[in-house]
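Heads up, the thing below is written out as C-alpha cells.
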Amino acid sequence: MSQHPNGFSEFIRSRHSARAFLPDPIPAEVIEQVLIDAQSAPSNSNTQPWNVHLVGGTALQDLSAALIAEFDKSGINPDFTIDYGQGVHPQRSQALAAKMYGLLGIAREDKEARTEFVRENLRFFGAPHTALLFIPPMGDRIRAAFDQGTYAENFLLSLEAHGYHGVPQGMISPLAPTVREFLGVDEEHKLVTALTFGIADESSPVFNTSPGRAPLSETVTAHGIEGLKLD
Ligand SMILES: Cc1cc2nc3c(=O)[nH]c(=O)nc-3n(C[C@H](O)[C@H](O)[C@H](O)COP(=O)(O)O)c2cc1C
C-alpha cells in the first residue's frame, strides 16, 4: 500500500478559485512548469486531447475588449449548452451566485451590477494570463471534455504549489466564436473553458468565496463496502 505524502489533503483543499488578480505577469519558467504538470494528467487511451492557447499581455487586453464588445452587441453564442438540469445542481449554482454576489454587495434584483460582473469575467478578473482549452473534433467530445477536466485540475494545483492562483472560466466559452476568430482557431475546435491565472488580489472580497461542498452522502453511493461514513 503506497502512502500519500503528509499534507496532501490540506494542500488539495487549499486550492480555490480567485476572482480578482493583480496585473503583474508570473515568470515564464513557472508557466512552463505548470504546463508540464498539467499534461501529466491521465487521459482516455492517452489521447491527450489538449489544445491550449495561452494569452497574455496586450493580446489578452485586446481579446477582452473583443469579448466585451461582442457581449454588449449580441449577447452569448455558446459551443455547449449552459443547462444544469433540475434539482440539486442548479440549487448549488444558485447558492454559489448568492454567496458571491453577497460578498460583492450586489443585490439579487440589481441586474446591471450582475451584468457588470459578467463583464468582469470577460476582463479575466484583471489577471495577466489565461489558457483557453479547446476540444478537437473527436466523436461527441464527451471523453475529450473529461480529459480537459483532469488537465485543468493539474494546472490549477500546480499553480497553487507555486504560490499562484487561478480560476476556471466557463463564462468565456459562450463567446467561443469571438475567441476563435481572435486566435485564428478553426470552428471544429470547441471552447470548453478558460483557466485564468496570476497573482491573486488577496484583499478582494472574492479572493476566496469558499462555497463548500456537498456531503459525501449526496455524491457517492457505496456498493459492497462496509464501514464507510458518507456524511
Ligand atoms: C469548468 C468550470 C468552469 C467554471 N467557470 C467559471 C466562470 O465562468 N466564472 C467563475 O467565476 N467561476 C467559474 N468556475 C469556478 C467554480 O465556480 C468553482 O470552481 C466552484 O464554485 C468551487 O469553488 P472553488 O474553485 O473556489 O473551490 C468554473 C469552474 C469550472 C470547473
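Convention: chains lettered A, B, ... in C-alpha cells order; per-chain residue numbering from 1; ligands numbered from 1 as shown.
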
(request) Can you tell me which residues come within 7 Å of ligand 1 when counting only C-alpha atoms and all ligand atoms, ideally as a PyMOL selection string? (result) chain A and resi 15-19+96+121+167-172+193+208-211

Could you write those residues out with all heavy atoms, as a CSV table (one decimal), in the first residue's frame?
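Just written: result.csv:
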chain,number,residue,atom,x,y,z
A,15,ARG,N,-6.4,24.8,-2.6
A,15,ARG,CA,-6.8,25.4,-3.9
A,15,ARG,C,-8.2,26.0,-3.9
A,15,ARG,O,-9.1,25.4,-3.3
A,15,ARG,CB,-6.7,24.4,-5.0
A,15,ARG,CG,-6.9,25.0,-6.4
A,15,ARG,CD,-7.7,24.1,-7.3
A,15,ARG,NE,-8.9,23.6,-6.8
A,15,ARG,CZ,-10.0,24.4,-6.8
A,15,ARG,NH1,-10.1,25.6,-7.4
A,15,ARG,NH2,-11.2,23.9,-6.3
A,16,HIS,N,-8.3,27.2,-4.4
A,16,HIS,CA,-9.7,27.7,-4.5
A,16,HIS,C,-9.6,28.7,-5.7
A,16,HIS,O,-8.6,29.1,-6.2
A,16,HIS,CB,-10.1,28.5,-3.3
A,16,HIS,CG,-9.2,29.6,-2.9
A,16,HIS,ND1,-9.4,30.9,-3.5
A,16,HIS,CD2,-8.1,29.7,-2.2
A,16,HIS,CE1,-8.4,31.7,-3.0
A,16,HIS,NE2,-7.6,31.0,-2.2
A,17,SER,N,-10.8,29.0,-6.2
A,17,SER,CA,-10.9,29.9,-7.3
A,17,SER,C,-10.7,31.4,-6.8
A,17,SER,O,-11.4,31.7,-5.8
A,17,SER,CB,-12.2,29.8,-8.0
A,17,SER,OG,-12.3,28.5,-8.6
A,18,ALA,N,-9.9,32.1,-7.4
A,18,ALA,CA,-9.7,33.6,-7.1
A,18,ALA,C,-10.4,34.3,-8.2
A,18,ALA,O,-10.2,34.0,-9.4
A,18,ALA,CB,-8.3,33.9,-6.9
A,19,ARG,N,-11.1,35.4,-7.9
A,19,ARG,CA,-11.8,36.2,-8.9
A,19,ARG,C,-11.4,37.6,-8.9
A,19,ARG,O,-12.1,38.5,-9.3
A,19,ARG,CB,-13.3,36.0,-8.7
A,19,ARG,CG,-13.8,34.6,-9.0
A,19,ARG,CD,-15.3,34.4,-8.9
A,19,ARG,NE,-15.7,33.1,-9.2
A,19,ARG,CZ,-15.7,32.1,-8.3
A,19,ARG,NH1,-15.3,32.2,-7.1
A,19,ARG,NH2,-16.1,30.9,-8.7
A,96,LEU,N,-24.0,29.3,-4.9
A,96,LEU,CA,-22.7,30.0,-5.2
A,96,LEU,C,-22.9,31.5,-5.6
A,96,LEU,O,-22.2,32.4,-5.1
A,96,LEU,CB,-21.9,29.3,-6.3
A,96,LEU,CG,-20.7,30.0,-6.8
A,96,LEU,CD1,-19.6,30.0,-5.8
A,96,LEU,CD2,-20.2,29.4,-8.1
A,121,ASN,N,-15.8,39.0,-15.6
A,121,ASN,CA,-15.3,37.7,-16.1
A,121,ASN,C,-14.6,37.9,-17.5
A,121,ASN,O,-13.5,37.4,-17.7
A,121,ASN,CB,-16.5,36.7,-16.4
A,121,ASN,CG,-16.7,35.7,-15.2
A,121,ASN,OD1,-16.1,34.7,-15.2
A,121,ASN,ND2,-17.6,36.1,-14.3
A,167,VAL,N,-8.5,30.6,-11.8
A,167,VAL,CA,-10.0,30.3,-11.8
A,167,VAL,C,-10.4,29.8,-13.2
A,167,VAL,O,-10.0,30.3,-14.2
A,167,VAL,CB,-10.7,31.6,-11.5
A,167,VAL,CG1,-10.5,32.7,-12.5
A,167,VAL,CG2,-12.2,31.4,-11.4
A,168,PRO,N,-11.1,28.6,-13.2
A,168,PRO,CA,-11.6,28.2,-14.5
A,168,PRO,C,-12.7,29.2,-14.9
A,168,PRO,O,-13.5,29.7,-14.0
A,168,PRO,CB,-12.2,26.8,-14.2
A,168,PRO,CG,-11.8,26.5,-12.8
A,168,PRO,CD,-11.5,27.8,-12.1
A,169,GLN,N,-12.8,29.4,-16.2
A,169,GLN,CA,-13.9,30.4,-16.6
A,169,GLN,C,-14.7,29.8,-17.8
A,169,GLN,O,-14.4,30.1,-18.9
A,169,GLN,CB,-13.2,31.7,-17.1
A,169,GLN,CG,-12.7,32.6,-15.9
A,169,GLN,CD,-12.5,34.0,-16.4
A,169,GLN,OE1,-11.4,34.2,-17.0
A,169,GLN,NE2,-13.4,34.9,-16.3
A,170,GLY,N,-15.7,29.0,-17.4
A,170,GLY,CA,-16.6,28.5,-18.4
A,170,GLY,C,-17.3,29.7,-19.1
A,170,GLY,O,-17.8,29.6,-20.2
A,171,MET,N,-17.4,30.8,-18.4
A,171,MET,CA,-18.1,32.0,-18.9
A,171,MET,C,-17.5,32.6,-20.1
A,171,MET,O,-18.1,33.4,-20.8
A,171,MET,CB,-18.0,33.1,-17.7
A,171,MET,CG,-18.9,34.3,-17.9
A,171,MET,SD,-20.5,33.9,-17.3
A,171,MET,CE,-20.4,34.6,-15.7
A,172,ILE,N,-16.2,32.2,-20.5
A,172,ILE,CA,-15.6,32.6,-21.7
A,172,ILE,C,-16.2,31.8,-22.9
A,172,ILE,O,-16.3,32.3,-24.0
A,172,ILE,CB,-14.1,32.5,-21.7
A,172,ILE,CG1,-13.5,33.3,-20.5
A,172,ILE,CG2,-13.4,33.0,-23.0
A,172,ILE,CD1,-13.8,34.7,-20.4
A,193,THR,N,-13.5,25.8,-21.7
A,193,THR,CA,-13.3,26.7,-20.6
A,193,THR,C,-12.0,27.5,-20.8
A,193,THR,O,-11.1,27.1,-21.6
A,193,THR,CB,-13.3,26.0,-19.3
A,193,THR,OG1,-13.4,26.9,-18.2
A,193,THR,CG2,-12.0,25.2,-19.0
A,208,ASN,N,-11.5,34.4,-2.2
A,208,ASN,CA,-11.9,33.0,-1.9
A,208,ASN,C,-13.4,33.0,-1.5
A,208,ASN,O,-13.7,33.4,-0.4
A,208,ASN,CB,-11.0,32.4,-0.8
A,208,ASN,CG,-11.3,31.0,-0.6
A,208,ASN,OD1,-12.2,30.4,-1.2
A,208,ASN,ND2,-10.6,30.4,0.4
A,209,THR,N,-14.2,32.5,-2.3
A,209,THR,CA,-15.7,32.5,-2.0
A,209,THR,C,-16.0,31.4,-1.0
A,209,THR,O,-17.1,31.3,-0.5
A,209,THR,CB,-16.6,32.4,-3.2
A,209,THR,OG1,-16.1,31.4,-4.0
A,209,THR,CG2,-16.6,33.7,-4.0
A,210,SER,N,-15.1,30.4,-0.9
A,210,SER,CA,-15.4,29.2,0.0
A,210,SER,C,-16.8,28.7,-0.1
A,210,SER,O,-17.5,28.7,0.8
A,210,SER,CB,-15.1,29.6,1.5
A,210,SER,OG,-13.8,30.1,1.6
A,211,PRO,N,-17.2,28.2,-1.3
A,211,PRO,CA,-18.5,27.7,-1.5
A,211,PRO,C,-18.9,26.4,-0.8
A,211,PRO,O,-20.0,26.1,-0.7
A,211,PRO,CB,-18.7,27.6,-3.0
A,211,PRO,CG,-17.3,27.3,-3.5
A,211,PRO,CD,-16.4,28.0,-2.5

(request) Find the residues near A:Ala41: any atom within 12 Å, counting only C-alpha atoms, skip ones fewer than 3 places away on the same chain, and give them as a VMD selection string. (result) chain A and resid 34 to 38 44 to 50 146 to 158

Can you spit out the residues from that selection as a PDB file, in the first residue's frame, using N, CA and C atoms?
ATOM      1  N   VAL A  34       3.993  24.709 -14.997  1.00  0.00           N
ATOM      2  CA  VAL A  34       2.551  24.449 -14.829  1.00  0.00           C
ATOM      3  C   VAL A  34       2.019  23.668 -16.042  1.00  0.00           C
ATOM      4  N   LEU A  35       2.483  24.044 -17.235  1.00  0.00           N
ATOM      5  CA  LEU A  35       2.022  23.350 -18.449  1.00  0.00           C
ATOM      6  C   LEU A  35       2.507  21.895 -18.465  1.00  0.00           C
ATOM      7  N   ILE A  36       3.737  21.686 -18.006  1.00  0.00           N
ATOM      8  CA  ILE A  36       4.278  20.318 -17.956  1.00  0.00           C
ATOM      9  C   ILE A  36       3.498  19.496 -16.925  1.00  0.00           C
ATOM     10  N   ASP A  37       3.256  20.114 -15.757  1.00  0.00           N
ATOM     11  CA  ASP A  37       2.492  19.415 -14.717  1.00  0.00           C
ATOM     12  C   ASP A  37       1.081  19.092 -15.219  1.00  0.00           C
ATOM     13  N   ALA A  38       0.475  20.062 -15.898  1.00  0.00           N
ATOM     14  CA  ALA A  38      -0.916  19.875 -16.349  1.00  0.00           C
ATOM     15  C   ALA A  38      -1.023  18.649 -17.246  1.00  0.00           C
ATOM     16  N   ASN A  44      -8.087   9.683 -21.732  1.00  0.00           N
ATOM     17  CA  ASN A  44      -8.628   8.484 -22.389  1.00  0.00           C
ATOM     18  C   ASN A  44      -7.622   7.928 -23.401  1.00  0.00           C
ATOM     19  N   SER A  45      -7.198   6.672 -23.206  1.00  0.00           N
ATOM     20  CA  SER A  45      -6.255   5.988 -24.112  1.00  0.00           C
ATOM     21  C   SER A  45      -5.016   6.832 -24.398  1.00  0.00           C
ATOM     22  N   ASN A  46      -4.669   7.672 -23.447  1.00  0.00           N
ATOM     23  CA  ASN A  46      -3.511   8.582 -23.609  1.00  0.00           C
ATOM     24  C   ASN A  46      -3.615   9.452 -24.864  1.00  0.00           C
ATOM     25  N   THR A  47      -4.850   9.808 -25.229  1.00  0.00           N
ATOM     26  CA  THR A  47      -5.046  10.639 -26.428  1.00  0.00           C
ATOM     27  C   THR A  47      -4.560  12.074 -26.207  1.00  0.00           C
ATOM     28  N   GLN A  48      -4.543  12.516 -24.937  1.00  0.00           N
ATOM     29  CA  GLN A  48      -4.047  13.865 -24.609  1.00  0.00           C
ATOM     30  C   GLN A  48      -4.696  14.934 -25.507  1.00  0.00           C
ATOM     31  N   PRO A  49      -6.021  15.012 -25.484  1.00  0.00           N
ATOM     32  CA  PRO A  49      -6.686  15.910 -26.430  1.00  0.00           C
ATOM     33  C   PRO A  49      -6.681  17.369 -25.945  1.00  0.00           C
ATOM     34  N   TRP A  50      -5.479  17.838 -25.635  1.00  0.00           N
ATOM     35  CA  TRP A  50      -5.348  19.181 -25.073  1.00  0.00           C
ATOM     36  C   TRP A  50      -4.860  20.122 -26.150  1.00  0.00           C
ATOM     37  N   PHE A 146     -13.942  15.278 -20.696  1.00  0.00           N
ATOM     38  CA  PHE A 146     -13.487  14.741 -19.412  1.00  0.00           C
ATOM     39  C   PHE A 146     -11.985  15.002 -19.254  1.00  0.00           C
ATOM     40  N   ASP A 147     -11.245  14.771 -20.323  1.00  0.00           N
ATOM     41  CA  ASP A 147      -9.789  14.934 -20.253  1.00  0.00           C
ATOM     42  C   ASP A 147      -9.382  16.400 -20.058  1.00  0.00           C
ATOM     43  N   GLN A 148     -10.245  17.322 -20.444  1.00  0.00           N
ATOM     44  CA  GLN A 148      -9.948  18.730 -20.130  1.00  0.00           C
ATOM     45  C   GLN A 148      -9.993  18.938 -18.616  1.00  0.00           C
ATOM     46  N   GLY A 149     -10.876  18.173 -17.955  1.00  0.00           N
ATOM     47  CA  GLY A 149     -11.023  18.310 -16.505  1.00  0.00           C
ATOM     48  C   GLY A 149      -9.806  17.817 -15.753  1.00  0.00           C
ATOM     49  N   THR A 150      -9.269  16.667 -16.195  1.00  0.00           N
ATOM     50  CA  THR A 150      -8.080  16.156 -15.498  1.00  0.00           C
ATOM     51  C   THR A 150      -6.933  17.149 -15.682  1.00  0.00           C
ATOM     52  N   TYR A 151      -6.830  17.678 -16.896  1.00  0.00           N
ATOM     53  CA  TYR A 151      -5.769  18.649 -17.214  1.00  0.00           C
ATOM     54  C   TYR A 151      -5.942  19.910 -16.356  1.00  0.00           C
ATOM     55  N   ALA A 152      -7.169  20.391 -16.304  1.00  0.00           N
ATOM     56  CA  ALA A 152      -7.434  21.653 -15.601  1.00  0.00           C
ATOM     57  C   ALA A 152      -7.092  21.539 -14.120  1.00  0.00           C
ATOM     58  N   GLU A 153      -7.462  20.431 -13.501  1.00  0.00           N
ATOM     59  CA  GLU A 153      -7.182  20.303 -12.065  1.00  0.00           C
ATOM     60  C   GLU A 153      -5.673  20.256 -11.818  1.00  0.00           C
ATOM     61  N   ASN A 154      -4.952  19.523 -12.660  1.00  0.00           N
ATOM     62  CA  ASN A 154      -3.486  19.520 -12.518  1.00  0.00           C
ATOM     63  C   ASN A 154      -2.919  20.931 -12.673  1.00  0.00           C
ATOM     64  N   PHE A 155      -3.423  21.642 -13.652  1.00  0.00           N
ATOM     65  CA  PHE A 155      -2.959  23.005 -13.944  1.00  0.00           C
ATOM     66  C   PHE A 155      -3.168  23.883 -12.703  1.00  0.00           C
ATOM     67  N   LEU A 156      -4.372  23.799 -12.150  1.00  0.00           N
ATOM     68  CA  LEU A 156      -4.708  24.660 -11.006  1.00  0.00           C
ATOM     69  C   LEU A 156      -3.908  24.270  -9.764  1.00  0.00           C
ATOM     70  N   LEU A 157      -3.713  22.978  -9.570  1.00  0.00           N
ATOM     71  CA  LEU A 157      -2.935  22.533  -8.396  1.00  0.00           C
ATOM     72  C   LEU A 157      -1.462  22.906  -8.552  1.00  0.00           C
ATOM     73  N   SER A 158      -0.952  22.857  -9.763  1.00  0.00           N
ATOM     74  CA  SER A 158       0.440  23.258  -9.973  1.00  0.00           C
ATOM     75  C   SER A 158       0.597  24.752  -9.674  1.00  0.00           C
TER      76      SER A 158
END

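Take atom CA of A:Leu132 and atom CA of A:Gln61: the distance between them is 14.5 Å.
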
(request) Could you give me, as number ranges by chain, each residue of stretch 19-156 of chain A that DSSP assigns to strand (DSSP E or B) when run on this structure's backbone? (result) A: 21, 51-56, 129-135

(message) Just to confirm, what's the straight-line distance from atom CA of A:Ile76 to atom CA of A:Leu175 in Å (one decimal)?
(response) 5.7 Å

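For stretch 214-224 of chain A, the non-local neighbours within 10 Å, defined as residues at least 4 positions apart in the same chain or in other chains and counting only C-alpha atoms, are Val88, Arg92, Leu228, Lys229, Leu230 and Asp231 of chain A.
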
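What separates atom CA of A:Ile26 from atom CA of A:Asn51 is a distance of 21.5 Å.
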
(message) If you run DSSP on the backbone here, which positions in stretch 8-170 of chain A get helix (DSSP H, G or I)? Please write them as a ChimeraX atom specification.
(response) /A:8-14,28-38,44-46,57-74,88-104,111-122,124-126,142-161,170

(request) Using only C-alpha atoms, determine which residues lie at most 7 Å from A:Pro78, disregarding the query and same-chain residues fewer than 4 positions distant; provide the list as number ranges by chain. (result) A: 173-176

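Distances from A:Leu22, A:Ile225, A:Leu104, A:Ile135 to A:Glu116 were compared using only C-alpha atoms, and the smallest one belongs to A:Leu104.
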
(request) Measuring atom to atom with only C-alpha atoms, identify which of A:Ser14, A:Gln33, A:Thr81, A:Ser64 is nearest to A:Arg123. (result) A:Ser64

(message) For A:Pro25, find every residue with an atom within 9 Å (counting only C-alpha atoms), except residues of its own chain fewer than 5 positions away, and show them as a VMD selection string.
(response) chain A and resid 56 to 57 127 to 129 198 to 199

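Distance check against A:His53 using only C-alpha atoms: of A:Leu122, A:Ala28, A:Leu195, A:Val206, the minimum falls on A:Leu195.
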